[in-house]
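start.pdb (PDB, C-alpha atoms, pLDDT in the B column)
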ATOM      1  CA  VAL N   1    -108.027  -3.671  -2.590  1.00 48.00           C
ATOM      2  CA  VAL N   2    -104.818  -1.936  -1.572  1.00 49.00           C
ATOM      3  CA  PHE N   3    -105.182   1.528  -0.066  1.00 54.00           C
ATOM      4  CA  ASP N   4    -103.305   4.057   2.000  1.00 60.00           C
ATOM      5  CA  ARG N   5    -104.837   4.735   5.392  1.00 62.00           C
ATOM      6  CA  GLU N   6    -104.093   8.472   5.121  1.00 60.00           C
ATOM      7  CA  LYS N   7    -105.770   8.904   1.702  1.00 60.00           C
ATOM      8  CA  THR N   8    -109.406   9.739   1.033  1.00 56.00           C
ATOM      9  CA  GLY N   9    -109.657   8.823  -2.625  1.00 55.00           C
ATOM     10  CA  PHE N  10    -109.924  12.490  -3.538  1.00 55.00           C
ATOM     11  CA  GLU N  11    -106.312  13.181  -4.395  1.00 58.00           C
ATOM     12  CA  GLU N  12    -104.885  16.454  -5.700  1.00 63.00           C
ATOM     13  CA  THR N  13    -104.414  14.889  -9.128  1.00 66.00           C
ATOM     14  CA  LYS N  14    -106.292  12.170 -10.955  1.00 68.00           C
ATOM     15  CA  ASP N  15    -103.048  10.883 -12.454  1.00 77.00           C
ATOM     16  CA  PHE N  16    -101.128   7.977 -10.988  1.00 86.00           C
ATOM     17  CA  PRO N  17     -97.399   8.826 -10.876  1.00 88.00           C
ATOM     18  CA  ILE N  18     -95.425   6.596 -13.246  1.00 92.00           C
ATOM     19  CA  VAL N  19     -91.913   6.002 -11.955  1.00 93.00           C
ATOM     20  CA  ILE N  20     -89.617   3.710 -13.953  1.00 96.00           C
ATOM     21  CA  ASN N  21     -88.390   0.710 -11.873  1.00 96.00           C
ATOM     22  CA  SER N  22     -90.970   1.321  -9.136  1.00 95.00           C
ATOM     23  CA  ILE N  23     -93.049  -1.637  -7.938  1.00 95.00           C
ATOM     24  CA  ILE N  24     -96.846  -1.451  -8.130  1.00 94.00           C
ATOM     25  CA  ALA N  25     -98.924  -3.574  -5.748  1.00 92.00           C
ATOM     26  CA  GLY N  26     -95.838  -5.540  -4.713  1.00 92.00           C
ATOM     27  CA  ARG N  27     -95.822  -7.421  -8.012  1.00 95.00           C
ATOM     28  CA  TYR N  28     -95.365  -5.285 -11.129  1.00 97.00           C
ATOM     29  CA  GLN N  29     -92.122  -3.426 -11.857  1.00 97.00           C
ATOM     30  CA  VAL N  30     -92.564  -0.440 -14.171  1.00 96.00           C
ATOM     31  CA  VAL N  31     -90.370  -0.784 -17.264  1.00 96.00           C
ATOM     32  CA  GLU N  32     -91.645   1.765 -19.781  1.00 94.00           C
ATOM     33  CA  TYR N  33     -94.411   4.262 -20.449  1.00 94.00           C
ATOM     34  CA  LEU N  34     -96.345   3.096 -23.540  1.00 90.00           C
ATOM     35  CA  GLY N  35     -98.936   5.802 -24.084  1.00 87.00           C
ATOM     36  CA  SER N  36    -102.231   7.277 -23.007  1.00 88.00           C
ATOM     37  CA  ALA N  37    -105.866   7.399 -24.038  1.00 84.00           C
ATOM     38  CA  ALA N  38    -108.842   9.516 -23.014  1.00 83.00           C
ATOM     39  CA  PHE N  39    -108.997   8.231 -19.431  1.00 86.00           C
ATOM     40  CA  SER N  40    -106.066   5.877 -18.961  1.00 91.00           C
ATOM     41  CA  LYS N  41    -102.345   5.385 -19.333  1.00 93.00           C
ATOM     42  CA  ALA N  42    -100.583   2.224 -20.451  1.00 93.00           C
ATOM     43  CA  ILE N  43     -97.238   1.068 -19.117  1.00 95.00           C
ATOM     44  CA  GLN N  44     -95.069  -1.954 -19.728  1.00 95.00           C
ATOM     45  CA  CYS N  45     -94.319  -3.852 -16.534  1.00 96.00           C
ATOM     46  CA  TYR N  46     -92.346  -6.898 -15.478  1.00 97.00           C
ATOM     47  CA  ASP N  47     -94.501  -9.323 -13.485  1.00 96.00           C
ATOM     48  CA  ILE N  48     -92.216 -10.439 -10.646  1.00 96.00           C
ATOM     49  CA  HIS N  49     -94.361 -13.515  -9.916  1.00 95.00           C
ATOM     50  CA  THR N  50     -94.581 -14.941 -13.443  1.00 95.00           C
ATOM     51  CA  GLU N  51     -91.367 -13.362 -14.786  1.00 95.00           C
ATOM     52  CA  GLN N  52     -93.264 -12.112 -17.859  1.00 94.00           C
ATOM     53  CA  MET N  53     -93.666  -8.698 -19.447  1.00 94.00           C
ATOM     54  CA  VAL N  54     -97.241  -7.375 -19.256  1.00 96.00           C
ATOM     55  CA  CYS N  55     -99.219  -4.293 -20.176  1.00 94.00           C
ATOM     56  CA  MET N  56    -100.782  -2.380 -17.311  1.00 96.00           C
ATOM     57  CA  LYS N  57    -103.641   0.033 -17.954  1.00 95.00           C
ATOM     58  CA  ILE N  58    -104.030   2.667 -15.237  1.00 95.00           C
ATOM     59  CA  ILE N  59    -107.501   4.188 -15.104  1.00 93.00           C
ATOM     60  CA  GLU N  60    -107.798   7.860 -14.146  1.00 88.00           C
ATOM     61  CA  ASN N  61    -109.226   8.395 -10.653  1.00 85.00           C
ATOM     62  CA  ASN N  62    -112.791   9.260 -11.700  1.00 83.00           C
ATOM     63  CA  LYS N  63    -116.083   7.512 -10.830  1.00 84.00           C
ATOM     64  CA  ASP N  64    -117.421   7.409 -14.415  1.00 87.00           C
ATOM     65  CA  TYR N  65    -114.144   6.046 -15.794  1.00 88.00           C
ATOM     66  CA  PHE N  66    -113.990   3.524 -12.957  1.00 88.00           C
ATOM     67  CA  ASP N  67    -117.500   2.266 -13.772  1.00 89.00           C
ATOM     68  CA  GLN N  68    -116.722   2.005 -17.490  1.00 91.00           C
ATOM     69  CA  SER N  69    -113.511   0.096 -16.739  1.00 92.00           C
ATOM     70  CA  ILE N  70    -115.355  -2.354 -14.505  1.00 93.00           C
ATOM     71  CA  ASP N  71    -117.536  -3.136 -17.541  1.00 92.00           C
ATOM     72  CA  GLU N  72    -114.374  -3.625 -19.612  1.00 91.00           C
ATOM     73  CA  ILE N  73    -113.039  -6.104 -17.037  1.00 93.00           C
ATOM     74  CA  LYS N  74    -116.346  -7.998 -17.025  1.00 93.00           C
ATOM     75  CA  LEU N  75    -116.321  -8.209 -20.814  1.00 91.00           C
ATOM     76  CA  LEU N  76    -112.692  -9.401 -20.984  1.00 90.00           C
ATOM     77  CA  ARG N  77    -113.361 -12.042 -18.327  1.00 92.00           C
ATOM     78  CA  PHE N  78    -116.541 -13.171 -20.105  1.00 90.00           C
ATOM     79  CA  ILE N  79    -114.676 -13.568 -23.384  1.00 88.00           C
ATOM     80  CA  ALA N  80    -111.854 -15.499 -21.678  1.00 88.00           C
ATOM     81  CA  ALA N  81    -114.340 -17.823 -19.969  1.00 89.00           C
ATOM     82  CA  ASN N  82    -116.212 -18.540 -23.210  1.00 87.00           C
ATOM     83  CA  CYS N  83    -113.423 -18.833 -25.743  1.00 84.00           C
ATOM     84  CA  GLU N  84    -111.278 -21.944 -25.959  1.00 83.00           C
ATOM     85  CA  ASP N  85    -108.313 -20.281 -27.638  1.00 85.00           C
ATOM     86  CA  LEU N  86    -107.944 -16.518 -27.399  1.00 84.00           C
ATOM     87  CA  ASP N  87    -104.808 -16.588 -29.573  1.00 80.00           C
ATOM     88  CA  THR N  88    -106.468 -18.064 -32.666  1.00 80.00           C
ATOM     89  CA  LYS N  89    -109.331 -15.566 -32.291  1.00 77.00           C
ATOM     90  CA  ASN N  90    -106.842 -12.703 -31.815  1.00 77.00           C
ATOM     91  CA  LEU N  91    -108.474 -11.669 -28.547  1.00 82.00           C
ATOM     92  CA  LEU N  92    -106.748  -9.893 -25.678  1.00 87.00           C
ATOM     93  CA  LYS N  93    -105.897 -11.921 -22.565  1.00 90.00           C
ATOM     94  CA  VAL N  94    -106.663 -10.265 -19.245  1.00 92.00           C
ATOM     95  CA  ILE N  95    -104.195 -11.343 -16.562  1.00 94.00           C
ATOM     96  CA  ASP N  96    -105.170  -9.371 -13.484  1.00 95.00           C
ATOM     97  CA  HIS N  97    -107.132  -6.376 -12.244  1.00 95.00           C
ATOM     98  CA  PHE N  98    -106.985  -4.580  -8.923  1.00 93.00           C
ATOM     99  CA  TYR N  99    -107.558  -1.302  -7.104  1.00 90.00           C
ATOM    100  CA  HIS N 100    -104.409   0.336  -5.736  1.00 86.00           C
ATOM    101  CA  LYS N 101    -103.789   3.831  -4.355  1.00 83.00           C
ATOM    102  CA  GLU N 102    -107.180   5.102  -5.502  1.00 83.00           C
ATOM    103  CA  HIS N 103    -106.752   3.821  -9.080  1.00 88.00           C
ATOM    104  CA  LEU N 104    -108.120   0.847 -10.980  1.00 92.00           C
ATOM    105  CA  PHE N 105    -105.520  -1.227 -12.840  1.00 95.00           C
ATOM    106  CA  ILE N 106    -106.104  -3.716 -15.636  1.00 95.00           C
ATOM    107  CA  VAL N 107    -103.210  -6.043 -16.485  1.00 96.00           C
ATOM    108  CA  THR N 108    -103.211  -7.759 -19.877  1.00 94.00           C
ATOM    109  CA  GLU N 109    -100.797  -9.544 -22.122  1.00 92.00           C
ATOM    110  CA  LEU N 110     -98.295  -7.195 -23.734  1.00 91.00           C
ATOM    111  CA  LEU N 111     -99.044  -6.584 -27.391  1.00 83.00           C
ATOM    112  CA  ARG N 112     -96.179  -5.161 -29.371  1.00 70.00           C
ATOM    113  CA  ASP N 113     -97.598  -3.170 -32.269  1.00 66.00           C
ATOM    114  CA  ASN N 114     -99.906  -0.205 -31.805  1.00 65.00           C
ATOM    115  CA  LEU N 115    -102.459  -0.369 -34.623  1.00 68.00           C
ATOM    116  CA  TYR N 116    -103.497   3.253 -34.227  1.00 69.00           C
ATOM    117  CA  GLU N 117     -99.926   4.511 -34.639  1.00 72.00           C
ATOM    118  CA  PHE N 118     -99.334   2.085 -37.522  1.00 74.00           C
ATOM    119  CA  SER N 119    -102.471   3.304 -39.291  1.00 75.00           C
ATOM    120  CA  LYS N 120    -101.505   6.948 -38.717  1.00 78.00           C
ATOM    121  CA  TYR N 121     -97.966   6.345 -40.034  1.00 80.00           C
ATOM    122  CA  ASN N 122     -99.302   4.397 -43.002  1.00 79.00           C
ATOM    123  CA  ARG N 123    -101.803   7.144 -43.856  1.00 81.00           C
ATOM    124  CA  GLU N 124     -99.234   9.958 -43.504  1.00 86.00           C
ATOM    125  CA  SER N 125     -96.595   8.160 -45.579  1.00 87.00           C
ATOM    126  CA  GLY N 126     -99.031   7.595 -48.450  1.00 84.00           C
ATOM    127  CA  GLY N 127     -99.274   3.829 -48.001  1.00 77.00           C
ATOM    128  CA  GLU N 128    -102.393   1.841 -48.754  1.00 80.00           C
ATOM    129  CA  PRO N 129    -104.989   1.948 -45.975  1.00 79.00           C
ATOM    130  CA  TYR N 130    -104.587  -0.955 -43.560  1.00 75.00           C
ATOM    131  CA  PHE N 131    -108.098  -0.851 -42.114  1.00 76.00           C
ATOM    132  CA  THR N 132    -110.068  -1.690 -45.241  1.00 82.00           C
ATOM    133  CA  LEU N 133    -113.695  -2.773 -45.084  1.00 85.00           C
ATOM    134  CA  PRO N 134    -112.886  -6.447 -45.936  1.00 85.00           C
ATOM    135  CA  ARG N 135    -110.208  -6.571 -43.226  1.00 79.00           C
ATOM    136  CA  LEU N 136    -112.520  -5.072 -40.606  1.00 76.00           C
ATOM    137  CA  GLN N 137    -115.286  -7.509 -41.624  1.00 79.00           C
ATOM    138  CA  ARG N 138    -112.882 -10.440 -41.193  1.00 78.00           C
ATOM    139  CA  VAL N 139    -111.853  -9.279 -37.703  1.00 69.00           C
ATOM    140  CA  SER N 140    -115.432  -8.697 -36.616  1.00 70.00           C
ATOM    141  CA  THR N 141    -116.444 -12.133 -37.948  1.00 71.00           C
ATOM    142  CA  GLN N 142    -113.724 -13.719 -35.803  1.00 61.00           C
ATOM    143  CA  ILE N 143    -114.981 -11.903 -32.720  1.00 56.00           C
ATOM    144  CA  LEU N 144    -118.603 -12.832 -33.388  1.00 57.00           C
ATOM    145  CA  SER N 145    -117.689 -16.494 -33.778  1.00 57.00           C
ATOM    146  CA  VAL N 146    -116.688 -16.768 -30.104  1.00 52.00           C
ATOM    147  CA  PRO N 147    -118.991 -19.446 -28.599  1.00 50.00           C
ATOM    148  CA  HIS N 148    -121.803 -18.090 -26.445  1.00 46.00           C
ATOM    149  CA  MET N 149    -120.713 -14.514 -27.121  1.00 45.00           C
ATOM    150  CA  LEU N 150    -123.439 -11.977 -26.462  1.00 45.00           C
ATOM    151  CA  VAL N 151    -123.562  -9.141 -28.943  1.00 45.00           C
ATOM    152  CA  TYR N 152    -125.264  -5.913 -27.961  1.00 43.00           C
ATOM    153  CA  ASP N 153    -126.637  -3.501 -30.509  1.00 41.00           C
ATOM    154  CA  THR N 154    -125.797  -0.002 -29.319  1.00 40.00           C
ATOM    155  CA  HIS N 155    -127.924   1.777 -31.931  1.00 37.00           C
TER     156      HIS N 155
END
Now that the file is in, can you turn its structure into structure tokens?
Amino acid sequence: VVFDREKTGFEETKDFPIVINSIIAGRYQVVEYLGSAAFSKAIQCYDIHTEQMVCMKIIENNKDYFDQSIDEIKLLRFIAANCEDLDTKNLLKVIDHFYHKEHLFIVTELLRDNLYEFSKYNRESGGEPYFTLPRLQRVSTQILSVPHMLVYDTH
């Protein structure tokens, strides 16, 4: 945990300032803003220690989002511990996670293509749908074939 002595955790804004070329946690240099979701932002960073590009997810400073992201970290770590080859299963590799300046960060491998944007572009340009039922069934079958993977029914 990295924190500022003068901060309480209740900052004026729930957003972490993204400054290109700044260093986060003494290790990750911000290269590019990638996008945002409901409660997080994604940035491309250069890992100074491994000399690799990574994706850093910055969770909004909010207790509920923090708790949900802790579950995400647990799930990613569980998958990594129980899958021999994440690449052949097309599963995301978690590299690091930490708490810094009142925000939770999740560092993963950098994936190039954004499937949501691709699907949106494909749909708007009149192309054939990418996310067909057979394709989604194939992906879900790959995920379910991870050894010792627990599957929870949310219905």
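Nearest residue to Asp96 of chain N, choosing from N:Glu128, N:Glu109, N:Glu51, N:Glu60 and counting all atoms listed in the file: N:Glu109.
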Around all the atoms of segment 94-102 of chain N listed in the file, draw an axis-aligned box and extend it by 3 Å on each of the six sides; I want its centre and edge lengths in Å to one decimal, as AutoDock Vina command-line options.
--center_x -105.7 --center_y -3.1 --center_z -11.8 --size_x 9.8 --size_y 22.4 --size_z 20.9
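Separating atom CA of Val19 of chain N from atom CA of Ala38 of chain N is a distance of 20.5 Å.
Our summary of the geometry notes that atom CA of Ser140 of chain N is positioned 24.5 Å from atom CA of Ala42 of chain N.
Candidate residues N:Leu86, N:Cys45, N:Val54, N:Leu133 were compared for distance to Ser22 of chain N, and the nearest is N:Cys45, using all atoms listed in the file.
Take atom CA of Leu111 of chain N and atom CA of Val94 of chain N: the distance between them is 11.7 Å.
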